[in-house]
$ cat entry.txt   # compact mmCIF, C-alpha atoms and all ligand atoms
# COMPACT_ATOMS: atom_id res chain seq x y z
CA MET A 1 20.21 6.44 -3.07
CA ILE A 2 16.44 6.18 -2.55
CA LEU A 3 14.97 6.74 0.93
CA VAL A 4 12.03 4.43 1.62
CA THR A 5 9.97 5.55 4.62
CA GLY A 6 7.90 2.71 6.05
CA GLY A 7 10.20 0.36 4.16
CA ALA A 8 9.87 -2.48 6.69
CA GLY A 9 6.12 -2.78 6.01
CA PHE A 10 4.09 -4.84 3.57
CA ILE A 11 4.38 -2.74 0.42
CA GLY A 12 7.67 -1.13 1.49
CA THR A 13 9.61 -4.41 1.66
CA HIS A 14 8.39 -5.40 -1.80
CA ALA A 15 9.36 -1.97 -3.13
CA CYS A 16 12.85 -2.33 -1.58
CA VAL A 17 13.30 -5.62 -3.45
CA GLU A 18 12.24 -4.16 -6.80
CA LEU A 19 14.33 -1.01 -6.32
CA MET A 20 17.44 -3.00 -5.38
CA GLN A 21 16.92 -5.40 -8.27
CA ALA A 22 16.64 -2.38 -10.57
CA GLY A 23 20.05 -1.23 -9.33
CA TYR A 24 19.10 1.41 -6.75
CA GLU A 25 20.79 1.77 -3.37
CA VAL A 26 18.10 1.85 -0.69
CA VAL A 27 17.91 3.31 2.81
CA VAL A 28 14.89 2.45 4.98
CA VAL A 29 13.46 4.59 7.76
CA ASP A 30 10.76 2.91 9.85
CA ASN A 31 9.72 3.15 13.52
CA LEU A 32 8.48 -0.48 13.35
CA VAL A 33 5.08 0.49 14.82
CA ASN A 34 3.44 -1.96 12.39
CA SER A 35 6.36 -4.09 11.19
CA HIS A 36 9.39 -6.17 12.14
CA GLU A 37 13.01 -5.44 11.41
CA LYS A 38 13.30 -9.12 10.43
CA SER A 39 11.46 -8.27 7.22
CA LEU A 40 14.65 -6.52 6.07
CA ASP A 41 16.71 -9.69 6.67
CA ARG A 42 14.25 -11.37 4.32
CA VAL A 43 14.77 -8.61 1.76
CA ALA A 44 18.48 -9.40 2.04
CA MET A 45 17.80 -13.10 1.44
CA ILE A 46 16.05 -12.19 -1.81
CA THR A 47 18.38 -9.47 -3.09
CA GLY A 48 21.71 -10.52 -1.57
CA LYS A 49 22.00 -7.20 0.26
CA ARG A 50 20.31 -5.71 3.33
CA PRO A 51 19.07 -2.17 2.83
CA LEU A 52 20.62 0.37 5.16
CA PHE A 53 18.14 0.76 8.05
CA PHE A 54 17.41 3.50 10.59
CA LYS A 55 14.82 2.87 13.30
CA VAL A 56 13.50 6.42 13.19
CA ASP A 57 10.08 8.00 13.44
CA VAL A 58 9.51 10.15 10.36
CA CYS A 59 7.83 12.70 12.65
CA ASP A 60 11.15 13.13 14.52
CA GLU A 61 12.69 16.00 12.57
CA LYS A 62 16.08 15.90 14.25
CA ALA A 63 16.53 12.16 13.70
CA LEU A 64 15.31 12.36 10.11
CA ASN A 65 17.72 15.23 9.44
CA GLN A 66 20.56 13.04 10.66
CA VAL A 67 19.57 10.32 8.19
CA PHE A 68 19.64 12.85 5.35
CA ASP A 69 23.01 14.14 6.60
CA GLN A 70 24.50 10.66 6.45
CA CYS A 71 23.03 9.45 3.16
CA ASP A 72 23.19 10.82 -0.36
CA ILE A 73 19.45 10.78 -1.03
CA GLU A 74 18.27 11.49 -4.58
CA GLY A 75 14.59 10.66 -4.07
CA VAL A 76 12.07 9.44 -1.51
CA ILE A 77 9.22 6.93 -1.50
CA HIS A 78 6.94 7.75 1.41
CA PHE A 79 5.05 4.69 2.68
CA ALA A 80 5.22 5.48 6.42
CA GLY A 81 1.78 5.88 7.94
CA LEU A 82 -0.95 4.21 9.93
CA LYS A 83 -3.48 2.46 7.70
CA ALA A 84 -6.25 0.69 9.61
CA VAL A 85 -9.56 2.26 8.63
CA GLY A 86 -11.55 1.08 11.68
CA GLU A 87 -8.81 2.04 14.12
CA SER A 88 -8.66 5.50 12.56
CA VAL A 89 -12.31 6.03 13.51
CA GLN A 90 -11.47 5.09 17.13
CA LYS A 91 -8.21 7.07 17.26
CA PRO A 92 -8.60 10.03 14.89
CA LEU A 93 -6.02 12.19 16.63
CA GLU A 94 -3.31 9.53 16.39
CA TYR A 95 -4.03 9.08 12.69
CA TYR A 96 -4.13 12.77 11.78
CA GLN A 97 -1.06 13.47 13.88
CA ASN A 98 1.09 10.56 12.72
CA ASN A 99 0.20 10.60 9.05
CA LEU A 100 0.18 14.36 8.54
CA ASP A 101 3.18 15.13 10.77
CA ALA A 102 5.12 12.52 8.82
CA ASP A 103 4.23 14.39 5.58
CA PHE A 104 5.18 17.80 7.04
CA VAL A 105 8.43 16.72 8.63
CA LEU A 106 9.54 14.72 5.60
CA CYS A 107 8.92 17.65 3.25
CA LYS A 108 10.70 20.07 5.58
CA VAL A 109 13.76 17.84 5.83
CA MET A 110 13.77 17.17 2.07
CA LYS A 111 13.71 20.91 1.47
CA ALA A 112 16.55 21.52 3.91
CA HIS A 113 18.63 18.97 1.98
CA GLY A 114 17.63 20.04 -1.52
CA VAL A 115 15.88 16.72 -2.30
CA LYS A 116 13.23 17.37 -4.95
CA ASN A 117 11.71 14.00 -5.87
CA LEU A 118 8.98 12.21 -3.92
CA VAL A 119 6.59 9.32 -4.52
CA PHE A 120 3.65 9.21 -2.09
CA SER A 121 1.41 6.25 -1.14
CA SER A 122 -2.11 7.48 -1.67
CA SER A 123 -5.20 5.35 -1.95
CA ALA A 124 -8.34 4.80 -3.99
CA THR A 125 -10.08 5.69 -0.74
CA VAL A 126 -9.67 9.40 -1.66
CA TYR A 127 -12.34 9.01 -4.39
CA SER A 128 -15.83 9.95 -3.31
CA GLY A 129 -18.49 7.26 -3.41
CA ASP A 130 -20.66 8.75 -6.16
CA ASN A 131 -18.35 8.26 -9.16
CA GLU A 132 -18.95 6.16 -12.27
CA MET A 133 -16.61 3.20 -12.75
CA PRO A 134 -13.85 2.92 -13.74
CA LEU A 135 -12.35 5.62 -11.54
CA ASN A 136 -9.92 7.82 -13.39
CA GLU A 137 -7.52 10.35 -11.93
CA SER A 138 -9.96 13.20 -12.50
CA SER A 139 -12.92 11.42 -10.84
CA LYS A 140 -14.37 13.28 -7.87
CA THR A 141 -12.45 13.05 -4.57
CA GLY A 142 -13.43 13.85 -0.99
CA ASN A 143 -16.37 12.81 1.21
CA CYS A 144 -14.00 10.35 2.88
CA THR A 145 -15.77 8.11 5.38
CA ASN A 146 -12.98 7.86 7.96
CA PRO A 147 -9.93 9.77 9.31
CA TYR A 148 -7.47 7.43 7.56
CA GLY A 149 -9.00 8.37 4.20
CA TRP A 150 -8.87 12.07 5.10
CA THR A 151 -5.15 11.82 5.92
CA LYS A 152 -4.53 10.59 2.38
CA TYR A 153 -6.83 13.26 0.92
CA MET A 154 -5.12 15.99 2.96
CA GLY A 155 -1.67 14.57 2.17
CA GLU A 156 -2.46 14.93 -1.53
CA GLN A 157 -3.54 18.57 -1.02
CA ILE A 158 -0.32 19.34 0.85
CA PHE A 159 1.88 17.83 -1.85
CA LYS A 160 -0.02 19.59 -4.64
CA GLY A 161 0.42 22.92 -2.80
CA LEU A 162 4.15 22.37 -2.36
CA CYS A 163 4.55 21.79 -6.10
CA VAL A 164 2.76 25.07 -6.84
CA ALA A 165 5.12 26.90 -4.49
CA ASP A 166 8.28 25.24 -5.81
CA PRO A 167 8.29 24.47 -9.54
CA GLU A 168 11.49 22.44 -9.12
CA LEU A 169 9.67 19.79 -7.07
CA SER A 170 8.52 16.52 -8.57
CA ILE A 171 5.88 14.61 -6.65
CA VAL A 172 4.08 11.49 -7.86
CA LEU A 173 0.89 10.55 -6.01
CA LEU A 174 0.09 6.87 -6.49
CA ARG A 175 -3.49 5.89 -5.69
CA TYR A 176 -3.36 2.19 -4.89
CA PHE A 177 -6.36 -0.03 -5.31
CA ASN A 178 -6.31 -3.31 -3.32
CA PRO A 179 -2.78 -4.67 -2.88
CA VAL A 180 -2.63 -8.43 -2.18
CA GLY A 181 -0.26 -11.35 -2.75
CA ALA A 182 3.36 -11.65 -1.70
CA HIS A 183 6.83 -12.07 -3.18
CA GLU A 184 7.15 -15.37 -5.07
CA SER A 185 9.96 -16.49 -2.73
CA GLY A 186 7.48 -16.72 0.16
CA LEU A 187 9.99 -14.74 2.25
CA ILE A 188 8.07 -11.45 2.55
CA GLY A 189 4.35 -10.75 2.68
CA GLU A 190 1.57 -9.11 4.66
CA ASP A 191 1.80 -9.72 8.41
CA PRO A 192 -1.28 -8.14 9.97
CA GLN A 193 -1.38 -7.78 13.76
CA GLY A 194 -4.58 -9.08 15.39
CA ILE A 195 -7.74 -9.72 13.40
CA PRO A 196 -7.19 -8.73 9.77
CA ASN A 197 -9.48 -5.96 8.50
CA ASN A 198 -8.96 -6.68 4.85
CA LEU A 199 -10.33 -9.55 2.83
CA MET A 200 -7.23 -11.37 1.57
CA PRO A 201 -5.29 -11.72 4.83
CA TYR A 202 -8.52 -12.88 6.47
CA VAL A 203 -9.13 -15.49 3.77
CA SER A 204 -5.60 -16.81 4.05
CA GLN A 205 -5.89 -17.12 7.85
CA VAL A 206 -9.09 -19.12 7.37
CA ALA A 207 -7.35 -21.37 4.84
CA ILE A 208 -4.48 -22.08 7.26
CA GLY A 209 -6.93 -22.84 10.07
CA LYS A 210 -6.23 -19.81 12.27
CA ARG A 211 -9.84 -18.65 11.90
CA ASP A 212 -12.98 -20.76 11.45
CA HIS A 213 -14.69 -18.94 8.66
CA LEU A 214 -14.89 -15.73 6.68
CA THR A 215 -17.85 -13.40 7.06
CA VAL A 216 -18.86 -12.05 3.66
CA PHE A 217 -19.99 -8.48 4.22
CA GLY A 218 -23.24 -8.52 2.23
CA ASP A 219 -24.42 -10.54 -0.76
CA ASP A 220 -27.17 -8.20 -1.90
CA TYR A 221 -25.07 -5.66 -3.80
CA ASP A 222 -25.84 -4.86 -7.40
CA THR A 223 -22.94 -7.00 -8.67
CA PRO A 224 -22.89 -10.29 -10.64
CA ASP A 225 -22.90 -12.50 -7.50
CA GLY A 226 -24.17 -9.90 -5.02
CA THR A 227 -20.83 -9.52 -3.17
CA GLY A 228 -18.53 -6.49 -3.28
CA VAL A 229 -16.26 -6.05 -6.29
CA ARG A 230 -12.73 -4.63 -6.00
CA ASP A 231 -9.60 -4.18 -8.08
CA TYR A 232 -7.01 -6.49 -6.48
CA ILE A 233 -3.43 -5.91 -7.57
CA HIS A 234 -0.39 -8.09 -6.87
CA VAL A 235 1.96 -6.31 -4.46
CA VAL A 236 4.93 -7.08 -6.72
CA ASP A 237 3.18 -5.30 -9.61
CA LEU A 238 2.52 -2.40 -7.23
CA ALA A 239 6.17 -2.41 -6.12
CA LYS A 240 7.30 -2.28 -9.75
CA ALA A 241 5.05 0.74 -10.30
CA HIS A 242 7.16 2.51 -7.65
CA VAL A 243 10.35 1.93 -9.61
CA LEU A 244 8.64 3.49 -12.65
CA ALA A 245 7.38 6.37 -10.49
CA VAL A 246 10.89 7.05 -9.11
CA ARG A 247 12.18 7.25 -12.69
CA TYR A 248 9.23 9.41 -13.73
CA ALA A 249 9.87 11.81 -10.84
CA ALA A 250 13.52 12.11 -11.85
CA GLU A 251 12.50 13.14 -15.39
CA HIS A 252 9.49 15.42 -14.76
CA LYS A 253 8.56 18.34 -12.57
CA GLY A 254 5.28 19.16 -10.83
CA CYS A 255 2.67 16.97 -9.19
CA GLU A 256 1.19 14.02 -11.07
CA ILE A 257 -1.42 11.49 -9.95
CA PHE A 258 -1.68 7.87 -11.11
CA ASN A 259 -4.11 5.09 -10.28
CA ILE A 260 -2.30 1.81 -9.68
CA GLY A 261 -4.67 -1.08 -10.25
CA THR A 262 -5.37 -3.75 -12.84
CA GLY A 263 -8.59 -2.32 -14.24
CA ASN A 264 -10.38 -5.61 -13.42
CA GLY A 265 -13.01 -6.12 -10.75
CA SER A 266 -13.30 -9.35 -8.72
CA SER A 267 -15.98 -10.19 -6.19
CA VAL A 268 -15.50 -11.50 -2.65
CA LEU A 269 -16.63 -14.94 -3.83
CA ASP A 270 -14.26 -14.81 -6.82
CA MET A 271 -11.45 -14.28 -4.31
CA VAL A 272 -12.63 -17.10 -2.06
CA HIS A 273 -12.80 -19.53 -4.97
CA ALA A 274 -9.46 -18.47 -6.42
CA PHE A 275 -7.87 -18.89 -2.99
CA GLU A 276 -9.38 -22.33 -2.52
CA LYS A 277 -7.99 -23.38 -5.87
CA ALA A 278 -4.51 -22.01 -5.16
CA SER A 279 -4.28 -23.48 -1.65
CA GLY A 280 -6.21 -26.72 -2.05
CA LYS A 281 -7.97 -25.73 1.24
CA LYS A 282 -11.63 -25.02 1.90
CA VAL A 283 -12.47 -21.47 2.90
CA PRO A 284 -15.77 -21.74 4.80
CA TYR A 285 -17.83 -18.55 4.89
CA VAL A 286 -21.07 -17.15 6.21
CA VAL A 287 -22.89 -14.17 4.78
CA GLY A 288 -23.27 -11.27 7.21
CA PRO A 289 -24.56 -7.72 6.92
CA ARG A 290 -22.92 -5.08 4.76
CA ARG A 291 -19.95 -3.22 6.32
CA ALA A 292 -20.65 0.47 6.86
CA GLY A 293 -19.01 2.67 4.25
CA ASP A 294 -18.46 -0.11 1.68
CA LEU A 295 -19.31 0.44 -1.98
CA ALA A 296 -20.65 -2.24 -4.33
CA THR A 297 -17.97 -1.89 -7.00
CA VAL A 298 -14.61 -0.13 -7.17
CA TYR A 299 -12.04 -0.53 -9.93
CA ALA A 300 -9.36 1.55 -11.56
CA GLY A 301 -9.08 3.23 -14.89
CA THR A 302 -5.51 2.33 -15.85
CA GLU A 303 -4.96 4.30 -19.07
CA LYS A 304 -2.98 7.17 -17.59
CA ALA A 305 -0.55 4.90 -15.74
CA ARG A 306 -0.08 2.83 -18.91
CA LYS A 307 0.51 5.80 -21.22
CA GLU A 308 2.56 8.09 -19.00
CA LEU A 309 4.24 5.77 -16.51
CA GLY A 310 4.48 2.70 -18.76
CA PHE A 311 2.81 0.64 -16.04
CA VAL A 312 0.67 -2.41 -16.79
CA ALA A 313 -0.05 -5.00 -14.07
CA GLN A 314 1.20 -8.48 -15.03
CA TYR A 315 -0.12 -10.89 -12.42
CA ASP A 316 -3.62 -12.42 -12.36
CA LEU A 317 -5.83 -13.50 -9.48
CA GLU A 318 -4.51 -17.04 -9.53
CA ARG A 319 -0.96 -15.81 -9.09
CA MET A 320 -1.97 -13.37 -6.32
CA CYS A 321 -3.60 -16.22 -4.38
CA ALA A 322 -0.78 -18.72 -5.02
CA ASP A 323 1.82 -16.24 -3.76
CA SER A 324 -0.29 -15.26 -0.71
CA TRP A 325 -0.69 -18.90 0.14
CA ARG A 326 3.03 -19.64 -0.20
CA TRP A 327 3.83 -16.75 2.17
CA GLN A 328 1.09 -17.80 4.63
CA SER A 329 2.02 -21.47 4.68
CA MET A 330 5.80 -20.85 4.94
CA ASN A 331 5.23 -18.26 7.70
CA PRO A 332 2.06 -19.18 9.64
CA ASN A 333 3.02 -16.62 12.30
CA GLY A 334 4.32 -13.99 9.93
CA PHE A 335 7.80 -12.67 10.79
CA GLU A 336 7.49 -13.96 14.38
CA ASN A 337 8.74 -17.45 13.45
P1 LIG B 401 2.34 -1.22 6.62
O1 LIG B 401 1.72 -0.85 7.91
O2 LIG B 401 2.78 -2.62 6.41
O3 LIG B 401 3.60 -0.26 6.34
C1 LIG B 401 3.68 1.05 6.84
C2 LIG B 401 5.00 1.18 7.59
O4 LIG B 401 5.13 2.50 8.10
C3 LIG B 401 5.10 0.23 8.77
O5 LIG B 401 6.29 -0.52 8.67
C4 LIG B 401 5.11 1.15 9.99
O6 LIG B 401 5.91 0.62 11.03
C5 LIG B 401 5.67 2.42 9.39
N1 LIG B 401 5.31 3.69 10.08
C6 LIG B 401 4.09 4.15 10.42
N2 LIG B 401 4.19 5.37 10.97
C7 LIG B 401 5.50 5.69 10.96
C8 LIG B 401 6.25 6.83 11.38
N3 LIG B 401 5.66 7.89 11.95
N4 LIG B 401 7.59 6.82 11.21
C9 LIG B 401 8.22 5.75 10.66
N5 LIG B 401 7.58 4.66 10.25
C10 LIG B 401 6.23 4.63 10.39
O7 LIG B 401 1.35 -0.76 5.47
P2 LIG B 401 1.40 -1.01 3.90
O8 LIG B 401 0.23 -1.84 3.55
O9 LIG B 401 2.74 -1.42 3.49
O10 LIG B 401 1.10 0.45 3.39
C11 LIG B 401 2.12 1.35 3.00
C12 LIG B 401 1.49 2.69 2.63
O11 LIG B 401 0.56 2.49 1.58
C13 LIG B 401 0.70 3.34 3.76
O12 LIG B 401 0.90 4.73 3.69
C14 LIG B 401 -0.73 2.98 3.44
O13 LIG B 401 -1.64 3.91 3.96
C15 LIG B 401 -0.71 3.04 1.92
N6 LIG B 401 -1.78 2.22 1.31
C16 LIG B 401 -1.88 0.90 1.64
C17 LIG B 401 -2.91 0.15 1.10
C18 LIG B 401 -3.06 -1.31 1.48
O14 LIG B 401 -4.13 -1.86 1.24
N7 LIG B 401 -2.07 -1.98 2.03
C19 LIG B 401 -3.81 0.73 0.20
C20 LIG B 401 -3.66 2.07 -0.13
C21 LIG B 401 -2.62 2.82 0.43
C1 LIG B 402 -10.27 -1.14 2.40
C2 LIG B 402 -10.40 0.19 3.09
C3 LIG B 402 -9.86 1.28 2.19
C4 LIG B 402 -8.43 0.97 1.79
C5 LIG B 402 -8.41 -0.37 1.09
C6 LIG B 402 -7.01 -0.71 0.65
C7 LIG B 402 -12.40 -0.08 4.51
C8 LIG B 402 -13.82 0.34 4.74
N1 LIG B 402 -11.81 0.44 3.40
O1 LIG B 402 -11.07 -1.13 1.27
O2 LIG B 402 -9.88 2.53 2.86
O3 LIG B 402 -7.91 1.96 0.91
O4 LIG B 402 -8.92 -1.36 2.00
O5 LIG B 402 -6.67 -2.01 0.77
O6 LIG B 402 -11.80 -0.80 5.30
N2 LIG B 402 -14.86 -8.19 2.92
C9 LIG B 402 -15.61 -9.22 3.41
N3 LIG B 402 -15.23 -9.81 4.58
C10 LIG B 402 -14.12 -9.42 5.28
C11 LIG B 402 -13.34 -8.37 4.75
C12 LIG B 402 -13.74 -7.76 3.57
O7 LIG B 402 -16.61 -9.61 2.81
O8 LIG B 402 -13.83 -9.98 6.34
C13 LIG B 402 -15.25 -7.58 1.62
C14 LIG B 402 -15.54 -6.08 1.69
O9 LIG B 402 -16.88 -5.84 2.00
C15 LIG B 402 -15.15 -5.64 0.27
C16 LIG B 402 -14.02 -6.59 -0.11
O10 LIG B 402 -14.15 -7.72 0.75
O11 LIG B 402 -16.22 -5.85 -0.61
C17 LIG B 402 -12.64 -6.00 0.07
O12 LIG B 402 -12.52 -5.49 1.39
P1 LIG B 402 -11.14 -4.91 1.95
O13 LIG B 402 -10.05 -5.87 1.71
O14 LIG B 402 -11.38 -4.45 3.34
O15 LIG B 402 -10.84 -3.66 1.00
P2 LIG B 402 -11.76 -2.37 0.65
O16 LIG B 402 -13.09 -2.47 1.24
O17 LIG B 402 -11.70 -2.18 -0.81
$ encode --input "entry.txt" --output "structure tokens"
Amino acid sequence: MILVTGGAGFIGTHACVELMQAGYEVVVVDNLVNSHEKSLDRVAMITGKRPLFFKVDVCDEKALNQVFDQCDIEGVIHFAGLKAVGESVQKPLEYYQNNLDADFVLCKVMKAHGVKNLVFSSSATVYSGDNEMPLNESSKTGNCTNPYGWTKYMGEQIFKGLCVADPELSIVLLRYFNPVGAHESGLIGEDPQGIPNNLMPYVSQVAIGKRDHLTVFGDDYDTPDGTGVRDYIHVVDLAKAHVLAVRYAAEHKGCEIFNIGTGNGSSVLDMVHAFEKASGKKVPYVVGPRRAGDLATVYAGTEKARKELGFVAQYDLERMCADSWRWQSMNPNGFEN
């Protein structure tokens, strides 16, 4: 059985689907601070089975121990964490405490139960801003611009250290690029609370008429159309990478890092146009100033994941937008419907 922390969230639900469809039994632990339990009913609609669920805070050692006592856990995927960059600048203590305590407590409880395999949600945000593109796993890290980024950086250090101390451990650090899209069923997807911080959920809320227009954060970057370029990856591709990572962890020891992206860069305006095409809706935009901390271009080197994990992203921009739009239009209020 695979324990999925944060399994009621955006990436977690998609990972549950792929794990269950690959034949794994899944148990979810989530405190629902940024998700709805209903998302797991939707997972059940897709897979025919609801994952076992415990409403537990990963930082609650006693409660987490009880989950491990009750379930035969062979490996863990650790998604649980707070992830809003801007909020992390306002509430650094909450971010450091939640995200790092979750790492500590999880590792302690895994150790107490002899569970050796872990896949951790890291981020391309751990790379420092002065690297050449594409970023590969040995590109420079650090110089994070916000507490959220530091929690991922520090999480990676902690997991690397644990693998040095215990050669029996197997930890896979996945550095995600920009996850977007939704499951093709339209039943699960990203359900941001309040004003979305990230581009794609904002664009889809403009398309559905919830917001007037998008503000493009700068059109004077050194990129083909002047707007920021990122490596958008379909969340179902990302979820599938987790199934490969779980298998990899079961077969290897030590700590290994993989970028999970497509290797392709798309600009803000590429995304707007692709979304307009997929939805048949206009996405009005105005150009505003650059957002502090943003880089012109970020995309992944994907060779290591291809060679060692066997991971290659399948879905293109058109598919990412079509699936986002299906989720958005079937669920204009997310899981609240
Ligand atoms: P999400 O907020 O949808 O999912 C995270 C889940 O963790 C939520 O369901 C939340 O309720 C839960 N959670 C938070 N703290 C918890 C705690 N202490 N105990 C139990 N549950 C807790 O976010 P997501 O987009 O699915 O991201 C999943 C992971 O991937 C996060 O660690 C995030 O930092 C990382 N990540 C996300 C992105 C992205 O763009 N979405 C990019 C890089 C890395
Ligand atoms: C953001 C986070 C990063 C996180 C990543 C994962 C910031 C500063 N960084 O990165 O830590 O790992 O998400 O998903 O938040 N844009 C607009 N208008 C908008 C929103 C975004 O023009 O309303 C532009 C941005 O300037 C950027 C691109 O769209 O060029 C993508 O932005 P976003 O979705 O926030 O992702 P990242 O900046 O890559």
$ residues_near_ligand --input "entry.txt" --ligand "ligand LIG 401 (chain B)" --cutoff "7 Å" --atoms "all atoms listed in the file" --output "PyMOL selection string"
chain A and resi 5-12+29-35+56-59+79-83+98-99+102+121-124+175-179+190
$ write_last_selection --input "entry.txt" --atoms "C-alpha atoms" --output "compact mmCIF listing (two decimals), in the coordinates of the input"
# COMPACT_ATOMS: atom_id res chain seq x y z
CA THR A 5 9.97 5.55 4.62
CA GLY A 6 7.90 2.71 6.05
CA GLY A 7 10.20 0.36 4.16
CA ALA A 8 9.87 -2.48 6.69
CA GLY A 9 6.12 -2.78 6.01
CA PHE A 10 4.09 -4.84 3.57
CA ILE A 11 4.38 -2.74 0.42
CA GLY A 12 7.67 -1.13 1.49
CA VAL A 29 13.46 4.59 7.76
CA ASP A 30 10.76 2.91 9.85
CA ASN A 31 9.72 3.15 13.52
CA LEU A 32 8.48 -0.48 13.35
CA VAL A 33 5.08 0.49 14.82
CA ASN A 34 3.44 -1.96 12.39
CA SER A 35 6.36 -4.09 11.19
CA VAL A 56 13.50 6.42 13.19
CA ASP A 57 10.08 8.00 13.44
CA VAL A 58 9.51 10.15 10.36
CA CYS A 59 7.83 12.70 12.65
CA PHE A 79 5.05 4.69 2.68
CA ALA A 80 5.22 5.48 6.42
CA GLY A 81 1.78 5.88 7.94
CA LEU A 82 -0.95 4.21 9.93
CA LYS A 83 -3.48 2.46 7.70
CA ASN A 98 1.09 10.56 12.72
CA ASN A 99 0.20 10.60 9.05
CA ALA A 102 5.12 12.52 8.82
CA SER A 121 1.41 6.25 -1.14
CA SER A 122 -2.11 7.48 -1.67
CA SER A 123 -5.20 5.35 -1.95
CA ALA A 124 -8.34 4.80 -3.99
CA ARG A 175 -3.49 5.89 -5.69
CA TYR A 176 -3.36 2.19 -4.89
CA PHE A 177 -6.36 -0.03 -5.31
CA ASN A 178 -6.31 -3.31 -3.32
CA PRO A 179 -2.78 -4.67 -2.88
CA GLU A 190 1.57 -9.11 4.66
$ residues_near_ligand --input "entry.txt" --ligand "ligand LIG 402 (chain B)" --cutoff "6 Å" --atoms "all atoms listed in the file" --output "MDAnalysis selection string"
chainID A and resid 85 123:125 178:179 197:199 214:217 228:230 268 291 293:294
$ atom_distance --input "entry.txt" --atom1 "CA of Val109 in chain A" --atom2 "CA of Thr151 in chain A"
19.8 Å
$ atom_distance --input "entry.txt" --atom1 "CA of Thr141 in chain A" --atom2 "CA of Ile257 in chain A"
12.4 Å
$ residues_around --input "entry.txt" --residues "Thr297 in chain A" --least-positions-apart "4" --cutoff "10 Å" --atoms "only C-alpha atoms" --output "VMD selection string"
chain A and resid 129 132 to 134 221 to 223 227 to 231 265 to 267
$ residues_around --input "entry.txt" --residues "Gly48 in chain A" --least-positions-apart "3" --cutoff "10 Å" --atoms "all atoms listed in the file" --output "list of chain:residue names"
A:Val17, A:Met20, A:Gln21, A:Asp41, A:Arg42, A:Val43, A:Ala44, A:Met45, A:Pro51
$ residues_near_point --input "entry.txt" --point "(19.4, 19.4, 4.3)" --cutoff "12 Å" --atoms "all atoms listed in the file" --output "list in words"
Glu61, Lys62, Leu64, Asn65, Gln66, Val67, Phe68, Asp69, Gln70, Cys71, Asp72, Ile73, Glu74, Leu106, Cys107, Lys108, Val109, Met110, Lys111, Ala112, His113, Gly114, Val115 and Lys116 of chain A
$ atom_distance --input "entry.txt" --atom1 "CA of Glu336 in chain A" --atom2 "CA of Thr13 in chain A"
16.0 Å
$ closest_residue --input "entry.txt" --among "A:Pro147, A:Gly194, A:Pro284, A:Pro201" --to "Ser324 in chain A" --atoms "all atoms listed in the file"
A:Pro201
$ closest_residue --input "entry.txt" --among "A:Tyr95, A:Glu184, A:Gly189, A:Gly86" --to "Ala292 in chain A" --atoms "all atoms listed in the file"
A:Gly86
$ residues_around --input "entry.txt" --residues "Tyr127 in chain A" --least-positions-apart "4" --cutoff "10 Å" --atoms "all atoms listed in the file" --output "ChimeraX atom specification"
/A:123,131,135-144,149,153,175,298
$ closest_residue --input "entry.txt" --among "A:Leu295, A:Arg290, A:Ser185, A:Ser170" --to "Ser128 in chain A" --atoms "only C-alpha atoms"
A:Leu295
$ closest_residue --input "entry.txt" --among "A:Leu244, A:Glu276, A:Ala63, A:Tyr285" --to "Arg211 in chain A" --atoms "all atoms listed in the file"
A:Tyr285
$ closest_residue --input "entry.txt" --among "A:His252, A:His273, A:Lys282, A:Lys210" --to "Pro332 in chain A" --atoms "only C-alpha atoms"
A:Lys210
$ decode --input "entry.txt" --residues "range 204-212 of chain A" --atoms "N, CA and C atoms" --output "JSON list (two decimals), in the first residue's frame"
[["chain", "number", "residue", "atom", "x", "y", "z"],
["A", 204, "SER", "N", -7.87, 30.41, -16.92],
["A", 204, "SER", "CA", -9.14, 29.69, -17.08],
["A", 204, "SER", "C", -10.27, 30.41, -16.37],
["A", 205, "GLN", "N", -10.00, 31.13, -15.29],
["A", 205, "GLN", "CA", -11.06, 31.91, -14.64],
["A", 205, "GLN", "C", -11.45, 33.14, -15.48],
["A", 206, "VAL", "N", -10.52, 33.66, -16.25],
["A", 206, "VAL", "CA", -10.87, 34.74, -17.18],
["A", 206, "VAL", "C", -11.77, 34.17, -18.29],
["A", 207, "ALA", "N", -11.37, 33.02, -18.81],
["A", 207, "ALA", "CA", -12.15, 32.42, -19.92],
["A", 207, "ALA", "C", -13.58, 32.12, -19.49],
["A", 208, "ILE", "N", -13.78, 31.71, -18.24],
["A", 208, "ILE", "CA", -15.14, 31.35, -17.80],
["A", 208, "ILE", "C", -15.92, 32.58, -17.32],
["A", 209, "GLY", "N", -15.24, 33.74, -17.30],
["A", 209, "GLY", "CA", -15.95, 34.98, -16.98],
["A", 209, "GLY", "C", -15.92, 35.35, -15.50],
["A", 210, "LYS", "N", -15.15, 34.61, -14.70],
["A", 210, "LYS", "CA", -15.05, 34.93, -13.28],
["A", 210, "LYS", "C", -14.18, 36.15, -13.04],
["A", 211, "ARG", "N", -13.23, 36.40, -13.94],
["A", 211, "ARG", "CA", -12.36, 37.57, -13.85],
["A", 211, "ARG", "C", -12.34, 38.24, -15.22],
["A", 212, "ASP", "N", -12.21, 39.60, -15.18],
["A", 212, "ASP", "CA", -12.29, 40.39, -16.42],
["A", 212, "ASP", "C", -11.18, 40.12, -17.40]]
